[in-house]
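Written out below as structure tokens is the structure these notes cover.
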Amino acid sequence: MSKDKEEVIPIAGPGSRIKALAPTVRKHLLYTDENLKVIVDFSTNGVKVFPVEIWKNEEVQNKAVRFLGENNRLKKLPKTISDFDNLEFIDLRNNSLGALPGTIFKIKALKELQCGNNGLKSLPATINKAPSLEYLYAQNNKIKALPKTVNKCPALVLIDLSDNVIRSVKKTIYEVGATLDLSRNRLVELPDANVKNPALKKLLVSGNSISHIPDNINNVLTLTYLDISDNDLTELPTQIGYLKYLHYLNISKNKIDNLPEEISTLHFALTFLHASDNQIKRLPKEIHQLQRLQVLELADNQLEKLPENFYQLKNIKRLDVSGNKLTTAAGISKLKMVEHIGLARNSLTVLPEDLPNLKSLISLDVSGNYIKVIPENLHKVGTLKSFKANDNKISNIPESLGENQLITELCVSKNRLQGLPQDMKKLRSLEIFELAHNEINALPKTFDFLKFLRVLDVAGNSLTELTLPKTLTSLNLSSNPISLPSVDPKSVLTILGERTWASQMTVLEIEAINLEEVPSTVSHMKLLTKLNLRSNALKVIPDELCRLRILEELDVSNNELSDLPDSISNMKNLRKLNASENKIQHFSSGLCLLHQLEEINLSYNNIMELPENFGELNKMIRLDLSNNELMSLPEDRWDVLASIVFLDVSKNHINVVPTDLPYLYRIQVLKAACNDLTCLPADIIKMTGLEVLDVSDNLLESLPESICKLPTLTELNVSDNKIKSFPNKIESLKQRCTVNVESQSAYKQRDPPDTLKAGEVQTDNDGSPRSSKKIDSEK
């Protein structure tokens, strides 16, 4: 061989270099730190496997520090990933992995592993072999248990196993020296806490079905943070008062009727106590001893009064007792350090006159009471920024409000206001002003002094015109007798099209103002993110409107639309679309090009079919097609719609369940009542997250045995079908689920829709039209 002949550099194996790789592979390798380190980036490429040479290239193995493989379709990782000695970060989120190779935890440099949103059923027992692993995110998988060695990980700071299917854990969890997140699993209890070497610092188990905290929980002295909200607790053990380092406790959304007196002994630790949405009727007499308490949330309980010494909580900064049965707020002004007070939804008739004593108060919410008068001296609370008094019986706003104050938010909707203070200059610092559903027919001339106003809601008043501050970005004019541009060239809707307002408006709500066409000025508002046009008389959505490219929410429901334009595809950022209660006959092909759509409501229309490329809407979360004329659902790739959690196709004419529909494995609510279904697929068991299934009023003759194995099912309605015999385990299903099997008839039949006479309307069993425009009471 000639000495001058260029040496051949191998692609893989000893001596292999990155420059030998094909350009299609090299483009996924990003150099950093003067070519000393490499980032491997295959994120969001839709690949099922990574190129083989990536795993075998020696230079990649030695230099790679980050591996980005999220948002693909990976089903497996090679064991040789452990050859990447210097990998510090691996991201494998949103793939189809069923398992991780045990060798992944032999990477000595690995600090963080992201593997959430896959199909993992377990984590390798070798997790304790990762000497540098600090953060492990494995949320939203199918993991049934923690690795036995999880308590032996030397560097672990956080392990996130939320949204899995873990039913029980062993007491070794208390020896995990990190934050452990087991939220939204299937736990029914916490293990006995008889451990010798507790190390657990933070435990998050919200959203389970835990009914009991072990009495010896005080053995876990290292615990500083406990979130056990949204469970089935009826009481707290007295021993919780002996967790002397516990500074955060969240027991919200349980069934607790009182707090143990012993909780008051946490006076040197407890700083945050969240106990909202329970059934608490009284507070501990010594609660005032919690002198370090800064945040106390007791909303939505059954408190009728607060203890006499309650107001000795000198360090409280945030207090929320909304949604109780309090009849007085007397004494509240003794909380000298309080910054935020929530007293909404109680039975208050007056506010204390000594509110000016609250020298640190920033926000006060007294909405949903029976208050008639805003205290005249409220303006003396110099620190007040936000005052909410919606849904009361207030008839006027004091002229003094805003004097020597810098109030930025004032919410007085749903009261009895007939006007506003004449001198609005005192409220000139307002940024948010909510006045909806009062009796106001005019705004004062000084309204234009509100030079900082961004959000204005005057819906449901009697305004025919109004002055628009030039700083507005959000406006709700709904249900007012506003003059329309077709009648009045000086209409407020015309003025909004001027550059001053059109160039900055982000939210516009003009519901129920008798519009027969969309004002042309609306299409000038290029920054709109939310547009509400519901309950008008619109017949057409103009193409010009579809040029609002950053619009995220569009509501055109309850109009007279016969179609949606194909140009709607220009609204590339649209996330929510409500076009229900119209006369739409076709599912616009333009909708399938809106890949950001998360919610579509096309219920109560006349749609007969869906396009075959319907499956391209792969970010869909909620889809409502009920009360239409659908003959079938497309046999498209429903598996790519795996993000759907709510699907309603009730009151159509569908007779077959698409083959791939069971692959909607994240779906929680499926409604297909009042169709022509004759059977359900056996692989419905794949819908492991299904909670509500309604297939009542169909033509089902049997149910698959697998329906009784749906793990999270809480409500099943198969009434009004033709079922002769039910699955063998239906009785055991009834023990954990509400099951309706009433009104079965072997003789039930339904005329096909194409046999209807011209002008005839198909009806349901109750005689109501199939495509009735009335709002379904179940929604």
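Ordered as shown in the structure tokens, chains take letters A, B, and onward, while each chain numbers its residues from 1 and ligands are numbered from 1 in the order shown.
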
TODO: Could you give me the residues within segment 336-567 of chain A that DSSP places in strand (DSSP E), as a ChimeraX atom specification?
DONE: /A:340-342,363-365,386-388,409-411,432-434,455-457,474-476,507-509,530-532,553-555

Open item on the list: Please list as a ChimeraX atom specification every residue within 6 Å of Thr471 of chain A, counting only C-alpha atoms and excluding residues in the same chain fewer than 6 positions away.
Closed with: /A:452-454

Task: Residues within 9 Å of Asn219 of chain A, only C-alpha atoms, excluding chain neighbours under 5 positions, as JSON, numbers by chain - done: {"A": [193, 194, 195, 196, 198, 242, 243]}

Got time to write the residues from that selection, C-alpha atoms, as a PDB file, in the first residue's frame?
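After the write, result18.pdb holds the following:
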ATOM      1  CA  ALA A 193     -43.498   3.622  58.993  1.00  0.00           C
ATOM      2  CA  ASN A 194     -41.551   1.352  61.325  1.00  0.00           C
ATOM      3  CA  VAL A 195     -38.125   2.162  59.880  1.00  0.00           C
ATOM      4  CA  LYS A 196     -34.764   2.609  61.596  1.00  0.00           C
ATOM      5  CA  PRO A 198     -35.555   7.327  57.673  1.00  0.00           C
ATOM      6  CA  TYR A 242     -44.591  15.114  66.010  1.00  0.00           C
ATOM      7  CA  LEU A 243     -43.016  15.535  62.570  1.00  0.00           C
TER       8      LEU A 243
END

Task: For Leu463 of chain A: contacts at 12 Å, only C-alpha atoms, fewer than 2 positions along chain excluded, given as number ranges by chain - done: A: 418-419, 435-444, 457-461, 465-467, 476-483, 491-492, 513

Grab the residues selected above and save them as a compact mmCIF listing (two decimals), in the first residue's frame with N, CA, C and O atoms.
# COMPACT_ATOMS: atom_id res chain seq x y z
N GLN A 418 -75.62 50.89 39.05
CA GLN A 418 -76.28 51.63 37.97
C GLN A 418 -75.35 52.67 37.37
O GLN A 418 -75.67 53.27 36.35
N GLY A 419 -74.21 52.85 38.02
CA GLY A 419 -73.25 53.82 37.52
C GLY A 419 -71.91 53.64 38.21
O GLY A 419 -71.73 52.76 39.05
N LEU A 435 -66.95 44.73 35.24
CA LEU A 435 -68.22 45.35 35.58
C LEU A 435 -69.41 44.58 35.01
O LEU A 435 -70.52 45.10 34.93
N ALA A 436 -69.18 43.34 34.61
CA ALA A 436 -70.20 42.60 33.87
C ALA A 436 -71.47 42.37 34.70
O ALA A 436 -71.42 42.28 35.93
N HIS A 437 -72.58 42.31 33.99
CA HIS A 437 -73.87 41.95 34.57
C HIS A 437 -74.27 42.86 35.74
O HIS A 437 -74.51 42.41 36.85
N ASN A 438 -74.31 44.15 35.43
CA ASN A 438 -74.88 45.14 36.34
C ASN A 438 -76.01 45.85 35.60
O ASN A 438 -76.61 45.26 34.69
N GLU A 439 -76.30 47.08 36.00
CA GLU A 439 -77.39 47.83 35.37
C GLU A 439 -76.87 49.16 34.83
O GLU A 439 -77.57 50.17 34.83
N ILE A 440 -75.64 49.15 34.34
CA ILE A 440 -74.98 50.38 33.89
C ILE A 440 -75.39 50.70 32.46
O ILE A 440 -75.29 49.85 31.58
N ASN A 441 -75.83 51.93 32.23
CA ASN A 441 -76.21 52.33 30.87
C ASN A 441 -75.28 53.40 30.28
O ASN A 441 -75.43 53.78 29.12
N ALA A 442 -74.34 53.86 31.09
CA ALA A 442 -73.38 54.85 30.58
C ALA A 442 -72.15 54.88 31.47
O ALA A 442 -72.23 54.59 32.67
N LEU A 443 -71.00 55.19 30.86
CA LEU A 443 -69.77 55.34 31.62
C LEU A 443 -69.46 56.82 31.77
O LEU A 443 -69.76 57.62 30.88
N PRO A 444 -68.88 57.23 32.90
CA PRO A 444 -68.59 58.66 33.11
C PRO A 444 -67.57 59.19 32.10
O PRO A 444 -66.75 58.44 31.56
N ASP A 457 -64.26 44.39 31.20
CA ASP A 457 -65.40 43.50 31.00
C ASP A 457 -66.66 44.24 31.41
O ASP A 457 -66.89 44.49 32.59
N VAL A 458 -67.48 44.60 30.42
CA VAL A 458 -68.74 45.28 30.68
C VAL A 458 -69.92 44.47 30.13
O VAL A 458 -70.99 45.02 29.85
N ALA A 459 -69.74 43.17 29.97
CA ALA A 459 -70.80 42.32 29.41
C ALA A 459 -72.06 42.39 30.25
O ALA A 459 -72.01 42.58 31.47
N GLY A 460 -73.21 42.25 29.58
CA GLY A 460 -74.47 42.15 30.30
C GLY A 460 -74.92 43.41 30.99
O GLY A 460 -75.53 43.35 32.06
N ASN A 461 -74.63 44.57 30.40
CA ASN A 461 -75.13 45.83 30.92
C ASN A 461 -76.10 46.43 29.89
O ASN A 461 -76.67 45.69 29.08
N GLU A 465 -72.88 52.77 23.95
CA GLU A 465 -71.58 53.29 23.52
C GLU A 465 -70.68 53.38 24.74
O GLU A 465 -71.14 53.33 25.89
N LEU A 466 -69.39 53.49 24.50
CA LEU A 466 -68.46 53.65 25.61
C LEU A 466 -67.14 54.21 25.10
O LEU A 466 -66.81 54.09 23.92
N THR A 467 -66.43 54.83 26.05
CA THR A 467 -65.11 55.37 25.76
C THR A 467 -64.07 54.26 25.92
O THR A 467 -64.11 53.52 26.89
N ASN A 476 -64.59 42.81 26.69
CA ASN A 476 -65.81 42.00 26.61
C ASN A 476 -67.02 42.92 26.56
O ASN A 476 -67.34 43.58 27.53
N LEU A 477 -67.65 42.97 25.39
CA LEU A 477 -68.83 43.82 25.16
C LEU A 477 -70.11 43.00 25.06
O LEU A 477 -71.16 43.54 24.72
N SER A 478 -70.04 41.72 25.33
CA SER A 478 -71.16 40.82 25.09
C SER A 478 -72.45 41.28 25.77
O SER A 478 -72.43 41.92 26.83
N SER A 479 -73.58 40.96 25.13
CA SER A 479 -74.92 41.20 25.69
C SER A 479 -75.13 42.65 26.10
O SER A 479 -75.63 42.96 27.19
N ASN A 480 -74.75 43.56 25.22
CA ASN A 480 -75.05 44.98 25.38
C ASN A 480 -75.74 45.44 24.09
O ASN A 480 -75.52 44.87 23.02
N PRO A 481 -76.59 46.47 24.16
CA PRO A 481 -77.25 46.99 22.95
C PRO A 481 -76.33 47.92 22.17
O PRO A 481 -76.72 49.03 21.77
N ILE A 482 -75.10 47.49 21.95
CA ILE A 482 -74.09 48.29 21.25
C ILE A 482 -74.56 48.54 19.81
O ILE A 482 -75.05 47.64 19.13
N SER A 483 -74.39 49.76 19.35
CA SER A 483 -74.72 50.07 17.96
C SER A 483 -73.74 49.36 17.05
O SER A 483 -72.56 49.26 17.34
N SER A 491 -69.65 53.46 15.58
CA SER A 491 -69.81 52.35 16.52
C SER A 491 -68.47 51.99 17.16
O SER A 491 -67.41 52.11 16.53
N VAL A 492 -68.54 51.54 18.40
CA VAL A 492 -67.32 51.15 19.10
C VAL A 492 -66.59 50.03 18.36
O VAL A 492 -65.37 49.93 18.39
N ILE A 513 -74.78 40.15 20.47
CA ILE A 513 -75.03 41.57 20.20
C ILE A 513 -75.73 41.73 18.85
O ILE A 513 -75.68 42.79 18.23

- [ ] Please measure the separation of atom CA of Phe50 of chain A and atom CA of Lys144 of chain A, giving the value in Å to one decimal.
- [x]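 Atom-to-atom, atom CA of Phe50 of chain A to atom CA of Lys144 of chain A, that is 28.0 Å.
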
Task: Shortest interatomic distance to Arg292 of chain A - which of A:Leu313, A:Ile362, A:Leu348, A:Ile90, counting only C-alpha atoms - done: A:Leu313

Task: All residues 6 Å or closer to segment 563-573 of chain A, only C-alpha atoms, same chain fewer than 5 positions away omitted, as a ChimeraX atom specification - done: /A:546,549-552,584,588,590-591,593-594,596

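Among the candidates A:Tyr747, A:Phe84, A:Tyr370, A:Phe587, the one nearest to Leu699 of chain A when counting only C-alpha atoms is A:Tyr747.
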
Open item on the list: Can you pull out the residues contacting Leu29 of chain A? Cut-off 8 Å, using only C-alpha atoms, and skip same-chain residues under 5 positions away; I want them as a PyMOL selection string.
Closed with: chain A and resi 38-41

Output N, CA and C atoms for every residue in the selection just made, as a short mmCIF file (atom, residue, chain, number, x, y, z; two decimals), in the first residue's frame.
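Generated output (out39.cif):
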data_model
loop_
_atom_site.label_atom_id
_atom_site.label_comp_id
_atom_site.auth_asym_id
_atom_site.auth_seq_id
_atom_site.Cartn_x
_atom_site.Cartn_y
_atom_site.Cartn_z
N VAL A 38 -20.10 16.41 22.68
CA VAL A 38 -21.08 16.26 21.61
C VAL A 38 -22.47 16.09 22.20
N ILE A 39 -23.45 16.73 21.55
CA ILE A 39 -24.86 16.52 21.88
C ILE A 39 -25.47 15.70 20.76
N VAL A 40 -26.03 14.56 21.10
CA VAL A 40 -26.72 13.71 20.12
C VAL A 40 -28.18 14.11 20.13
N ASP A 41 -28.67 14.65 19.02
CA ASP A 41 -30.03 15.20 18.99
C ASP A 41 -30.86 14.55 17.88
#

Open item on the list: At a cut-off of 9 Å, using only C-alpha atoms, what residues contact Pro284 of chain A? Leave out same-chain residues fewer than 5 positions from it and give the result as a list in words.
Closed with: Asn258, Leu259, Pro260, Glu261, Glu262, Ile263, Ser264 and Pro307 of chain A
